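J.: Enclosed is the structure file upload.txt (compact mmCIF, C-alpha atoms).
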# COMPACT_ATOMS: atom_id res chain seq x y z
CA MET A 1469 -89.59 -12.68 -52.77
CA LYS A 1470 -88.42 -13.93 -49.31
CA ILE A 1471 -84.62 -14.28 -48.83
CA ARG A 1472 -83.63 -17.36 -46.89
CA ALA A 1473 -80.66 -17.28 -44.53
CA LYS A 1474 -77.93 -19.87 -44.94
CA ARG A 1475 -78.45 -22.94 -42.81
CA ASN A 1476 -74.97 -22.69 -41.14
CA ALA A 1477 -74.89 -18.89 -40.78
CA LYS A 1478 -74.35 -17.57 -37.21
CA ALA A 1479 -76.47 -14.85 -35.73
CA ALA A 1480 -74.97 -11.36 -35.78
CA ILE A 1481 -74.02 -10.37 -32.24
CA ASN A 1482 -75.33 -7.11 -30.89
CA ALA A 1483 -76.06 -5.47 -27.55
CA LYS A 1484 -79.46 -7.21 -27.36
CA ASN A 1485 -78.66 -10.85 -28.06
CA TYR A 1486 -75.08 -11.46 -26.81
CA LEU A 1487 -76.43 -12.96 -23.57
CA THR A 1488 -78.96 -15.29 -25.28
CA VAL A 1489 -77.27 -16.88 -28.30
CA GLY A 1490 -76.44 -20.57 -28.17
CA PRO A 1491 -73.04 -22.30 -28.03
CA GLY A 1492 -70.44 -21.32 -30.62
CA ASP A 1493 -67.79 -18.80 -31.62
CA TYR A 1494 -69.28 -15.53 -32.83
CA PRO A 1495 -67.18 -12.88 -34.64
CA CYS A 1496 -68.12 -9.39 -33.53
CA GLY A 1497 -65.74 -7.29 -35.67
CA ASP A 1498 -62.43 -5.60 -34.76
CA ASN A 1499 -60.91 -9.03 -33.94
CA LEU A 1500 -63.47 -9.49 -31.15
CA TYR A 1501 -65.17 -12.86 -30.64
CA LEU A 1502 -67.88 -14.08 -28.30
CA ILE A 1503 -67.16 -17.62 -27.09
CA VAL A 1504 -70.18 -19.54 -25.77
CA VAL A 1505 -69.67 -23.06 -24.36
CA PRO A 1506 -72.38 -25.74 -24.06
CA SER A 1507 -72.79 -25.03 -20.35
CA GLY A 1508 -73.95 -21.53 -21.23
CA ALA A 1509 -70.85 -19.67 -19.96
CA ARG A 1510 -69.74 -16.96 -22.36
CA ARG A 1511 -66.63 -14.77 -22.59
CA TRP A 1512 -65.02 -12.20 -24.88
CA LEU A 1513 -61.85 -13.09 -26.78
CA PHE A 1514 -59.54 -10.82 -28.80
CA ARG A 1515 -57.72 -12.74 -31.54
CA TYR A 1516 -54.81 -11.21 -33.41
CA GLN A 1517 -51.68 -11.97 -35.40
CA ARG A 1518 -48.34 -10.26 -34.81
CA LYS A 1519 -45.13 -10.96 -36.72
CA GLY A 1520 -46.77 -13.97 -38.31
CA ILE A 1521 -47.71 -15.52 -34.98
CA LYS A 1522 -51.34 -16.00 -34.00
CA ASP A 1523 -52.31 -15.19 -30.44
CA SER A 1524 -55.34 -14.30 -28.35
CA MET A 1525 -56.22 -12.68 -25.06
CA GLY A 1526 -59.32 -12.77 -22.92
CA LEU A 1527 -61.35 -9.64 -22.25
CA GLY A 1528 -63.53 -10.99 -19.46
CA SER A 1529 -66.84 -12.72 -18.95
CA ALA A 1530 -69.79 -11.54 -21.06
CA LYS A 1531 -71.84 -11.32 -17.84
CA ASP A 1532 -69.36 -8.79 -16.39
CA VAL A 1533 -68.27 -6.93 -19.55
CA THR A 1534 -70.99 -5.46 -21.79
CA PHE A 1535 -70.95 -5.71 -25.55
CA GLY A 1536 -70.09 -1.99 -25.86
CA ASP A 1537 -67.18 -2.20 -23.41
CA ALA A 1538 -65.80 -5.29 -25.16
CA LYS A 1539 -65.88 -3.44 -28.51
CA LYS A 1540 -63.99 -0.49 -26.98
CA LYS A 1541 -61.31 -2.79 -25.55
CA ALA A 1542 -60.92 -4.56 -28.88
CA LEU A 1543 -60.51 -1.24 -30.66
CA ASP A 1544 -57.84 -0.13 -28.13
CA HIS A 1545 -55.91 -3.36 -28.67
CA ARG A 1546 -56.05 -2.90 -32.46
CA ARG A 1547 -54.52 0.54 -31.99
CA THR A 1548 -51.78 -0.99 -29.86
CA LEU A 1549 -51.06 -3.45 -32.67
CA ALA A 1550 -50.94 -0.60 -35.15
CA HIS A 1551 -48.20 1.05 -33.07
CA GLY A 1552 -46.12 -2.14 -33.20
CA SER A 1553 -46.71 -3.36 -29.64
CA ASP A 1554 -48.10 -6.61 -28.33
CA PRO A 1555 -51.49 -5.99 -26.63
CA LYS A 1556 -50.99 -8.86 -24.22
CA GLN A 1557 -47.58 -7.61 -23.07
CA VAL A 1558 -48.92 -4.07 -22.67
CA ARG A 1559 -51.82 -5.38 -20.59
CA ASP A 1560 -49.56 -7.54 -18.40
CA GLU A 1561 -47.18 -4.62 -17.76
CA ALA A 1562 -50.10 -2.38 -16.79
CA ARG A 1563 -51.41 -5.02 -14.38
CA ARG A 1564 -47.95 -5.47 -12.88
CA ALA A 1565 -47.60 -1.72 -12.45
CA GLU A 1566 -50.94 -1.53 -10.64
CA ALA A 1567 -50.00 -4.40 -8.33
CA CYS A 1568 -46.38 -3.29 -7.82
CA PRO A 1569 -45.81 -1.77 -4.35
CA LEU A 1570 -43.92 1.40 -3.58
CA PHE A 1571 -40.26 0.94 -2.67
CA GLY A 1572 -40.70 2.45 0.81
CA PRO A 1573 -43.21 -0.08 2.23
CA TYR A 1574 -41.55 -2.95 0.35
CA ALA A 1575 -38.04 -2.17 1.65
CA THR A 1576 -39.34 -1.51 5.17
CA HIS A 1577 -41.09 -4.89 5.23
CA TRP A 1578 -37.83 -6.58 4.15
CA ARG A 1579 -35.86 -4.65 6.79
CA GLU A 1580 -38.20 -5.69 9.59
CA ILE A 1581 -37.72 -9.34 8.66
CA TYR A 1582 -33.97 -9.18 7.97
CA GLU A 1583 -33.03 -7.26 11.12
CA LYS A 1584 -34.30 -10.15 13.26
CA SER A 1585 -31.19 -12.06 12.20
CA LEU A 1586 -28.90 -9.27 13.48
CA THR A 1587 -27.83 -9.84 17.06
CA HIS A 1588 -26.45 -6.43 17.99
CA LYS A 1589 -28.50 -3.28 18.34
CA SER A 1590 -25.90 -1.18 16.52
CA SER A 1591 -26.22 -3.43 13.45
CA ARG A 1592 -29.99 -3.05 13.44
CA SER A 1593 -29.69 0.72 13.86
CA LYS A 1594 -27.26 0.84 10.95
CA LEU A 1595 -29.68 -1.11 8.76
CA ARG A 1596 -32.57 1.21 9.65
CA ARG A 1597 -30.43 4.24 8.85
CA GLN A 1598 -29.52 2.79 5.45
CA ILE A 1599 -33.12 2.04 4.43
CA ASP A 1600 -35.02 4.86 6.15
CA LEU A 1601 -32.54 7.71 5.65
CA TYR A 1602 -30.20 7.11 2.72
CA CYS A 1603 -32.82 5.36 0.53
CA LYS A 1604 -35.62 7.80 1.38
CA PRO A 1605 -35.60 9.46 -2.11
CA LEU A 1606 -36.79 6.11 -3.55
CA HIS A 1607 -39.59 5.51 -1.06
CA LYS A 1608 -42.43 6.98 -3.17
CA MET A 1609 -41.36 5.25 -6.39
CA ARG A 1610 -42.71 1.89 -7.52
CA VAL A 1611 -40.27 -0.99 -7.24
CA ASP A 1612 -40.51 -1.71 -10.98
CA GLU A 1613 -39.83 1.86 -12.15
CA ILE A 1614 -36.55 2.42 -10.28
CA THR A 1615 -33.53 2.51 -12.59
CA THR A 1616 -29.79 2.52 -12.03
CA ASP A 1617 -29.75 6.27 -12.73
CA HIS A 1618 -32.25 6.81 -9.88
CA ILE A 1619 -30.06 4.81 -7.50
CA VAL A 1620 -26.85 6.59 -8.47
CA LYS A 1621 -28.20 10.17 -8.57
CA LEU A 1622 -30.66 10.04 -5.65
CA VAL A 1623 -28.95 7.67 -3.23
CA LEU A 1624 -25.28 6.98 -3.91
CA ASP A 1625 -24.02 10.31 -5.26
CA PRO A 1626 -24.98 12.30 -2.10
CA ILE A 1627 -22.96 9.90 0.09
CA ARG A 1628 -20.14 9.20 -2.38
CA HIS A 1629 -17.63 10.81 0.02
CA LYS A 1630 -18.49 8.07 2.54
CA ALA A 1631 -17.05 5.18 0.58
CA GLU A 1632 -17.90 2.42 3.04
CA THR A 1633 -21.43 3.72 3.61
CA THR A 1634 -21.96 3.96 -0.15
CA ARG A 1635 -20.89 0.35 -0.57
CA ASP A 1636 -23.10 -0.90 2.27
CA VAL A 1637 -26.20 0.93 0.98
CA ARG A 1638 -25.64 -0.37 -2.56
CA GLN A 1639 -25.35 -3.93 -1.23
CA ARG A 1640 -28.63 -3.54 0.67
CA LEU A 1641 -30.35 -2.25 -2.47
CA GLN A 1642 -28.97 -5.12 -4.52
CA LYS A 1643 -30.40 -7.60 -2.04
CA ILE A 1644 -33.83 -5.91 -2.01
CA PHE A 1645 -34.08 -5.96 -5.81
CA LYS A 1646 -33.03 -9.63 -5.87
CA ILE A 1647 -36.07 -10.36 -3.73
CA ALA A 1648 -38.22 -8.17 -6.00
CA ILE A 1649 -37.13 -10.28 -8.97
CA ALA A 1650 -38.03 -13.45 -7.08
CA ASP A 1651 -41.45 -11.93 -6.28
CA GLY A 1652 -42.04 -11.24 -9.97
CA LEU A 1653 -41.98 -7.45 -9.52
CA ARG A 1654 -38.92 -6.91 -11.71
CA LYS A 1655 -36.92 -8.66 -14.42
CA ASP A 1656 -33.54 -7.04 -13.71
CA ASN A 1657 -31.47 -5.73 -10.81
CA PRO A 1658 -30.68 -2.00 -11.14
CA ALA A 1659 -28.28 -2.15 -8.16
CA ASP A 1660 -26.06 -4.92 -9.53
CA TYR A 1661 -22.50 -3.75 -9.00
CA GLU A 1662 -20.60 -5.29 -11.91
CA THR A 1663 -23.13 -4.65 -14.70
CA ARG A 1664 -24.86 -1.46 -13.51
CA ILE A 1665 -23.18 0.50 -10.71
CA GLU A 1666 -19.46 0.13 -11.49
CA PRO A 1667 -19.77 1.35 -15.14
CA LYS A 1668 -21.45 4.54 -13.88
CA MET A 1669 -19.57 5.19 -10.61
CA GLY A 1670 -16.22 3.49 -11.04
CA LYS A 1671 -14.63 0.78 -8.93
CA ALA A 1672 -15.32 0.97 -5.19
CA PRO A 1673 -12.34 1.12 -2.76
CA LYS A 1674 -11.40 -2.10 -1.05
CA ARG A 1675 -12.87 -2.55 2.40
CA GLY A 1676 -9.47 -3.17 3.97
CA GLN A 1677 -8.35 0.36 3.12
CA LEU A 1678 -11.16 1.88 5.14
CA ARG A 1679 -11.85 -0.43 8.06
CA GLY A 1680 -10.88 0.99 11.44
CA HIS A 1681 -10.20 4.45 10.08
CA HIS A 1682 -10.59 6.34 13.36
CA LYS A 1683 -8.27 9.26 14.10
CA ALA A 1684 -6.14 8.25 17.07
CA MET A 1685 -4.07 10.25 19.50
CA SER A 1686 -0.33 9.72 19.46
CA TYR A 1687 0.61 7.51 22.40
CA GLN A 1688 3.43 9.91 23.33
CA ASP A 1689 0.77 12.56 24.04
CA VAL A 1690 -1.31 10.34 26.34
CA PRO A 1691 0.46 11.10 29.66
CA ALA A 1692 0.04 14.87 29.22
CA PHE A 1693 -3.56 14.37 28.09
CA MET A 1694 -4.35 12.20 31.14
CA ARG A 1695 -2.84 14.82 33.48
CA LYS A 1696 -5.09 17.41 31.88
CA LEU A 1697 -8.12 15.13 32.34
CA SER A 1698 -7.32 14.59 36.02
CA ARG A 1699 -7.59 18.33 36.66
CA ILE A 1700 -11.16 18.48 35.23
CA GLY A 1701 -13.90 17.56 37.68
CA ASP A 1702 -16.40 16.58 34.98
CA GLN A 1703 -18.11 13.23 34.43
CA SER A 1704 -17.15 13.31 30.75
CA ALA A 1705 -13.48 13.57 31.73
CA ARG A 1706 -13.86 10.53 34.01
CA ALA A 1707 -15.54 8.58 31.21
CA ILE A 1708 -12.67 9.31 28.85
CA GLU A 1709 -10.11 8.40 31.54
CA ILE A 1710 -11.75 4.99 32.02
CA THR A 1711 -11.95 4.57 28.24
CA VAL A 1712 -8.21 5.17 27.92
CA LEU A 1713 -7.31 2.86 30.80
CA THR A 1714 -9.64 -0.07 29.99
CA VAL A 1715 -9.33 0.21 26.19
CA ALA A 1716 -13.08 -0.49 26.03
CA ARG A 1717 -15.46 0.36 23.20
CA THR A 1718 -17.51 3.52 23.52
CA HIS A 1719 -20.87 1.81 23.96
CA GLU A 1720 -19.40 -0.44 26.67
CA ILE A 1721 -18.29 2.64 28.64
CA GLN A 1722 -21.67 4.30 28.08
CA ASN A 1723 -23.54 1.28 29.42
CA MET A 1724 -21.15 0.46 32.28
CA ARG A 1725 -23.20 -0.34 35.36
CA TRP A 1726 -22.18 -0.61 38.99
CA SER A 1727 -23.63 -4.13 39.03
CA GLN A 1728 -21.01 -5.18 36.47
CA LEU A 1729 -18.10 -4.00 38.60
CA ASP A 1730 -16.26 -5.88 41.33
CA LEU A 1731 -14.29 -3.06 42.94
CA HIS A 1732 -12.90 -5.39 45.57
CA HIS A 1733 -11.19 -7.78 43.15
CA GLY A 1734 -10.67 -5.18 40.42
CA GLN A 1735 -12.80 -6.68 37.68
CA TRP A 1736 -15.44 -5.59 35.15
CA ASP A 1737 -17.71 -8.27 33.68
CA ILE A 1738 -19.95 -7.82 30.63
CA THR A 1739 -22.31 -10.52 29.39
CA GLY A 1740 -21.76 -11.03 25.68
CA ALA A 1741 -25.39 -11.01 24.53
CA GLY A 1742 -26.30 -8.26 27.00
CA LEU A 1743 -29.63 -6.50 27.27
CA GLU A 1744 -31.16 -4.13 24.74
CA THR A 1745 -31.28 -1.13 27.04
CA ALA A 1746 -29.65 1.61 25.02
CA ALA A 1747 -30.91 5.14 25.42
CA PRO A 1748 -33.36 6.32 22.74
CA GLY A 1749 -31.57 7.75 19.72
CA GLU A 1750 -28.22 6.09 20.42
CA MET A 1751 -26.73 4.23 17.47
CA GLU A 1752 -24.73 1.85 19.65
CA GLY A 1753 -26.73 0.10 22.30
CA GLY A 1754 -27.19 -2.62 24.86
CA THR A 1755 -25.04 -3.88 27.67
CA GLY A 1756 -23.47 -6.60 25.56
CA THR A 1757 -20.28 -6.80 23.54
CA LYS A 1758 -19.85 -6.31 19.81
CA ASN A 1759 -18.83 -9.91 19.13
CA ASN A 1760 -21.26 -11.41 21.69
CA TYR A 1761 -18.42 -13.05 23.67
CA ASP A 1762 -18.46 -12.52 27.43
CA LYS A 1763 -15.89 -9.94 28.45
CA ARG A 1764 -13.93 -9.79 31.70
CA THR A 1765 -11.70 -6.75 32.04
CA PRO A 1766 -9.07 -6.45 34.81
CA LEU A 1767 -9.13 -2.99 36.36
CA GLN A 1768 -5.81 -1.31 37.10
CA ARG A 1769 -4.99 0.57 40.29
CA GLN A 1770 -5.60 3.91 38.57
CA ALA A 1771 -8.99 2.85 37.20
CA LEU A 1772 -10.06 1.45 40.58
CA ALA A 1773 -9.14 4.71 42.32
CA ILE A 1774 -11.36 6.68 39.92
CA LEU A 1775 -14.28 4.25 40.15
CA ARG A 1776 -14.16 3.92 43.94
CA GLU A 1777 -14.28 7.68 44.30
CA MET A 1778 -17.24 7.83 41.90
CA TYR A 1779 -18.99 4.98 43.72
CA GLU A 1780 -19.25 7.08 46.87
CA LYS A 1781 -21.14 9.74 44.90
CA ARG A 1782 -23.24 7.44 42.66
CA VAL A 1783 -26.79 8.55 41.82
CA SER A 1784 -27.76 5.99 39.17
CA ALA A 1785 -27.34 2.39 38.12
CA PHE A 1786 -25.15 3.73 35.33
CA VAL A 1787 -21.56 4.64 36.19
CA PHE A 1788 -21.72 7.45 33.63
CA CYS A 1789 -25.34 8.56 33.51
CA GLY A 1790 -27.03 11.00 31.18
CA ARG A 1791 -28.85 14.21 32.05
CA GLY A 1792 -32.02 12.36 33.00
CA LEU A 1793 -30.07 10.05 35.36
CA ASP A 1794 -32.10 7.07 34.09
CA GLY A 1795 -30.00 6.50 30.98
CA PRO A 1796 -26.33 6.40 29.96
CA ILE A 1797 -24.10 9.25 28.89
CA SER A 1798 -24.31 9.86 25.14
CA ASN A 1799 -21.45 9.18 22.77
CA ASN A 1800 -21.72 12.75 21.47
CA THR A 1801 -21.08 14.07 24.98
CA MET A 1802 -17.90 12.01 25.23
CA LEU A 1803 -16.78 12.99 21.73
CA LYS A 1804 -17.34 16.69 22.40
CA ALA A 1805 -15.36 16.50 25.64
CA LEU A 1806 -12.50 14.67 23.93
CA LYS A 1807 -12.22 17.30 21.20
CA GLU A 1808 -12.42 20.25 23.61
CA ILE A 1809 -9.91 18.86 26.11
CA SER A 1810 -7.41 17.62 23.52
CA GLY A 1811 -7.81 20.61 21.23
CA ASP A 1812 -7.92 18.30 18.21
CA PRO A 1813 -11.34 18.30 16.44
CA THR A 1814 -10.42 15.26 14.34
CA LEU A 1815 -9.97 12.78 17.21
CA THR A 1816 -12.51 10.04 17.92
CA VAL A 1817 -13.18 8.19 21.18
CA HIS A 1818 -12.87 4.86 19.40
CA GLY A 1819 -9.45 5.95 18.15
CA LEU A 1820 -8.11 5.73 21.73
CA ARG A 1821 -8.11 1.96 21.28
CA GLY A 1822 -5.75 2.41 18.36
CA THR A 1823 -3.50 4.53 20.57
CA PHE A 1824 -3.13 1.64 23.00
CA ARG A 1825 -2.48 -0.81 20.16
CA THR A 1826 0.28 1.39 18.73
CA TRP A 1827 1.91 1.79 22.15
CA ALA A 1828 1.93 -1.99 22.69
CA GLN A 1829 3.44 -2.55 19.27
CA GLU A 1830 6.10 0.15 19.49
CA GLU A 1831 7.09 0.11 23.15
CA THR A 1832 6.53 -3.43 24.51
CA GLU A 1833 7.29 -7.09 23.86
CA PHE A 1834 3.92 -8.43 25.01
CA GLU A 1835 2.34 -11.30 23.09
CA GLU A 1836 0.25 -9.98 20.21
CA GLU A 1837 -2.61 -12.35 21.04
CA ILE A 1838 -2.80 -11.02 24.61
CA VAL A 1839 -2.68 -7.42 23.39
CA GLU A 1840 -5.54 -8.15 21.00
CA HIS A 1841 -7.43 -9.88 23.84
CA CYS A 1842 -7.10 -6.70 25.91
CA MET A 1843 -9.14 -5.02 23.14
CA HIS A 1844 -11.53 -7.99 23.14
CA HIS A 1845 -10.42 -9.11 19.69
CA ILE A 1846 -10.71 -12.90 19.91
CA THR A 1847 -8.20 -14.07 17.29
CA GLY A 1848 -8.30 -17.25 15.23
CA ASP A 1849 -10.85 -19.01 13.04
CA ALA A 1850 -14.17 -20.46 14.20
CA ALA A 1851 -12.57 -23.73 15.35
CA GLU A 1852 -9.88 -21.95 17.38
CA LYS A 1853 -12.41 -19.63 19.01
CA ALA A 1854 -14.54 -22.61 20.01
CA TYR A 1855 -11.69 -23.92 22.16
CA LYS A 1856 -10.71 -20.59 23.72
CA HIS A 1857 -12.65 -20.67 26.97
CA GLY A 1858 -10.17 -18.78 29.15
CA HIS A 1859 -9.94 -15.03 29.74
CA ALA A 1860 -6.12 -14.80 30.09
CA LEU A 1861 -6.94 -12.54 33.02
CA ARG A 1862 -3.51 -12.61 34.69
CA LYS A 1863 -1.61 -11.87 31.46
CA ARG A 1864 -4.00 -9.12 30.44
CA ARG A 1865 -3.78 -7.55 33.89
CA VAL A 1866 -0.01 -7.22 33.40
CA VAL A 1867 -0.43 -5.59 29.98
CA LEU A 1868 -3.17 -3.19 31.06
CA GLN A 1869 -1.34 -2.21 34.25
CA ALA A 1870 1.76 -1.40 32.19
CA TRP A 1871 -0.40 0.73 29.91
CA ALA A 1872 -1.97 2.53 32.88
CA ASP A 1873 1.45 3.19 34.41
CA PHE A 1874 2.62 4.67 31.12
CA ALA A 1875 -0.55 6.73 30.60
CA THR A 1876 -0.51 8.25 34.08
CA ARG A 1877 3.24 8.70 34.56
CA SER A 1878 4.54 11.97 35.88
CA PRO A 1879 6.50 14.30 33.63
CA PRO A 1880 10.28 13.82 33.85
CA ARG A 1881 12.08 16.29 36.09
CA ALA A 1882 14.57 18.59 34.44
CA THR A 1883 18.17 17.66 35.23
CA PRO A 1884 20.37 20.58 36.49
CA ARG A 1885 22.63 21.80 33.70
CA SER A 1886 25.81 21.39 35.79
CA ARG A 1887 25.12 17.66 36.20
CA ARG A 1888 23.85 16.80 32.71
CA PRO A 1889 26.49 14.98 30.62
CA ASP A 1890 27.25 16.16 27.11
CA HIS A 1891 27.11 13.98 24.00
CA LEU A 1892 30.66 12.76 24.66
CA GLY A 1893 29.83 11.55 28.13
CA LEU A 1894 31.79 14.37 29.79
CA SER A 1895 30.45 16.68 32.49
CA THR A 1896 29.35 20.09 31.29
CA GLY A 1897 29.91 21.65 34.70
CA ARG A 1898 32.56 24.30 35.29
CA ARG A 1899 36.03 22.80 35.64
CA GLN A 1900 37.89 23.48 38.87
Please rewrite the model in this file as C-alpha cells.
T.:
Amino acid sequence: MKIRAKRNAKAAINAKNYLTVGPGDYPCGDNLYLIVVPSGARRWLFRYQRKGIKDSMGLGSAKDVTFGDAKKKALDHRRTLAHGSDPKQVRDEARRAEACPLFGPYATHWREIYEKSLTHKSSRSKLRRQIDLYCKPLHKMRVDEITTDHIVKLVLDPIRHKAETTRDVRQRLQKIFKIAIADGLRKDNPADYETRIEPKMGKAPKRGQLRGHHKAMSYQDVPAFMRKLSRIGDQSARAIEITVLTVARTHEIQNMRWSQLDLHHGQWDITGAGLETAAPGEMEGGTGTKNNYDKRTPLQRQALAILREMYEKRVSAFVFCGRGLDGPISNNTMLKALKEISGDPTLTVHGLRGTFRTWAQEETEFEEEIVEHCMHHITGDAAEKAYKHGHALRKRRVVLQAWADFATRSPPRATPRSRRPDHLGLSTGRRQ
C-alpha cells in the first residue's frame, strides 16, 4: 500500500537538496533553519530562546556555508546556550576581538595626530616618551583586553616615584581609552582616575606641590661659584656663566646662535615660534621660546665681555656648539659640568633661574612683574597678555645688571683687627 505525503509537508533538508528547494522556512534540526525567499536567495538562521525571550542569529548565505558547516555552527551555539551564555553576544565579542587593534599601533596613531596640536618640540618629545617608553608594556595587548590592573602594575607602579610623570601618563591613557570607547572598541575606561585608578593607587599629589621642583643654588653662594667658573677655560663653564647672568632656560642657551646676538647694543633676540632645529636625541629643542612669545634679553657688561671674547674664536653658528660643531651643546654636558664644578650632585641647570628669583625677592625692591619678565614669565590673563606689546627693556636691563654685579662681585677684604670696631662700637685696638 502506497503512503501519501501530506499536502503541506515541507521537504526534509539535506546536503543534496538545500540549494534546490523552493521558497519557505525549512527546519533542519538543532534550532537550524534554511530560509529561502521568492527571489531564490537562501540563508541559514539559528533560532533560540533564552530567559523566555526569543531571538535569532544569521549563520551566513547557503551558497557560502555548506549544510554540514551550518549544522556544526548550530550545534556549537546550542552548547553555548547550555552553558548559560547568549550565542549572539559570544559571537559579537569574538568578532570585536578579531577586529580590535593592538594598543601599540592604536596609541601611536593617536599620538601622531595629537602631537600636531603641540607647538613646542619639548612637548612633542614628552608625549612620545610617555607613549613609546612608559606605555611600552601594553603595546602587544589588544585595546579591549587591557584592564586597570594591567595599567597600574605594568605602567604606573614602575614610575610611582615620579608623581607628576605618573599623573601625566595616566591622563594620556585615559584620553586614548575614551577614543577607543567612541570607536566601539571598548565599553569602559580602565584608566579613569576617580572610579578605577584612585581606589587602587590612592589620591595623586596636587600639581602645585611639584611644579618647578628644581634644586637651586643658594644665591649667597653664587659669587664664589662664578669666580670658580671664571678660572675654568671650558666651554661648559662659559655656558653656565651665561645661563646664570641671562637667567635663560637651558634649551635657549643650547640653541643660542651668533645671528641672534647684537654685541654692539648688548641684546639677544629669540623669535617665539623659532625653528625646529634641535640636535637629535635632545628632549628640549628648537630656537624658539617655551611660551612662543618673542624674547629680547638685555646683555650685561659681564655677559658681553664673555661673548665678545668667544666671538673672536667662534667655529660654528652655535655659540655653544657640540662635539660635531654642527649642533648645540647637550643639556647633559651642562648638567655634568654644573655638578662637578659646584660639588653638589643634586643641582640642576634650570634651578639657577630659581636662584635669581630668590635673590630678587630677598635682596631687592624691584617690581615683581619686571623680575618675572626677566625670566620671560609674561604675567596676567589672556586679555592682559594681548595688550602687553612692550619688552620693558630698560627696566629689565637695570634688574639684570644688578644681578650680574652681585653674581660677579669680588670677595670682601678682611679688615685689620686693630681697626675693626667691637659690638659696642668701640675700637679694639691697643689703648695708648
J.: Pick the closest to His1719 in chain A from A:Arg1511, A:Lys1758, A:Arg1628, A:His1841: which is it, counting only C-alpha atoms?
T.: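 Comparing A:Arg1511, A:Lys1758, A:Arg1628, A:His1841 against His1719 in chain A, the winner is A:Lys1758.
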J.: Restricting the calculation to only C-alpha atoms: of A:Arg1782, A:Ser1810, A:Val1715, A:Tyr1494, which residue gets closest to Glu1840 in chain A?
T.: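 Closest to Glu1840 in chain A of all the choices is A:Val1715.
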J.: Of the residues A:Arg1725, A:Asp1625, A:Thr1548, A:Tyr1602, which is the one nearest to Val1783 in chain A, using all atoms listed in the file?
T.: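 Among the listed residues, the smallest separation from Val1783 in chain A belongs to A:Arg1725.
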J.: For range 1630-1647 of chain A, find every residue with an atom within 10 Å (counting all atoms listed in the file), except residues of its own chain fewer than 3 positions away, and show them as a VMD selection string.
T.: chain A and resid 1571 1574 to 1575 1578 to 1579 1594 to 1595 1597 to 1599 1602 to 1603 1611 to 1612 1614 1619 to 1620 1623 to 1627 1650 to 1661 1665 1672 to 1675 1677 to 1679
J.: If you count only C-alpha atoms, which residues fall within 12 Å of Pro1495 in chain A, apart from same-chain ones fewer than 5 positions away, as a list of chain:residue names?
T.: A:Ala1477, A:Lys1478, A:Ala1479, A:Ala1480, A:Ile1481, A:Asn1482, A:Tyr1486, A:Leu1500, A:Tyr1501, A:Leu1502, A:Ile1503, A:Val1504, A:Trp1512, A:Leu1513, A:Phe1514, A:Arg1515, A:Lys1539, A:Ala1542
J.: May I ask for the distance between CA of Pro1766 in chain A and CA of Gln1735 in chain A, given in Å to one decimal place?
T.: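 Separating CA of Pro1766 in chain A from CA of Gln1735 in chain A is a distance of 4.7 Å.
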J.: How many Å lie between CA of Lys1763 in chain A and CA of Val1867 in chain A, rounded to one decimal?
T.: 16.1 Å
J.: Quick one, how far is CA of Ser1686 in chain A from CA of Thr1826 in chain A?
T.: 8.4 Å
J.: For Pro1796 in chain A, which of A:Thr1534, A:Thr1718, A:Thr1663, A:Ser1878 is the closest residue, counting all atoms listed in the file?
T.: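 Checking each candidate against Pro1796 in chain A, we get A:Thr1718 as the closest.
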J.: Do you know which residues are at most 7 Å from range 1784-1793 of chain A counting only C-alpha atoms, after dropping those on the same chain fewer than 5 positions away, and could you put them as a PyMOL selection string?
T.: chain A and resi 1703+1707+1722-1726+1798
J.: Using only C-alpha atoms, please write the residues we just selected to a file, as a PDB file, keeping the file's coordinate frame.
T.:
ATOM      1  CA  GLN A1703     -18.110  13.230  34.430  1.00  0.00           C
ATOM      2  CA  ALA A1707     -15.540   8.580  31.210  1.00  0.00           C
ATOM      3  CA  GLN A1722     -21.670   4.300  28.080  1.00  0.00           C
ATOM      4  CA  ASN A1723     -23.540   1.280  29.420  1.00  0.00           C
ATOM      5  CA  MET A1724     -21.150   0.460  32.280  1.00  0.00           C
ATOM      6  CA  ARG A1725     -23.200  -0.340  35.360  1.00  0.00           C
ATOM      7  CA  TRP A1726     -22.180  -0.610  38.990  1.00  0.00           C
ATOM      8  CA  SER A1798     -24.310   9.860  25.140  1.00  0.00           C
TER       9      SER A1798
END
J.: Of the candidates A:Gly1528, A:Ala1828, A:Tyr1761, A:Ile1738, which shows the shortest atom-to-atom distance to Ile1846 in chain A, using all atoms listed in the file?
T.: A:Tyr1761
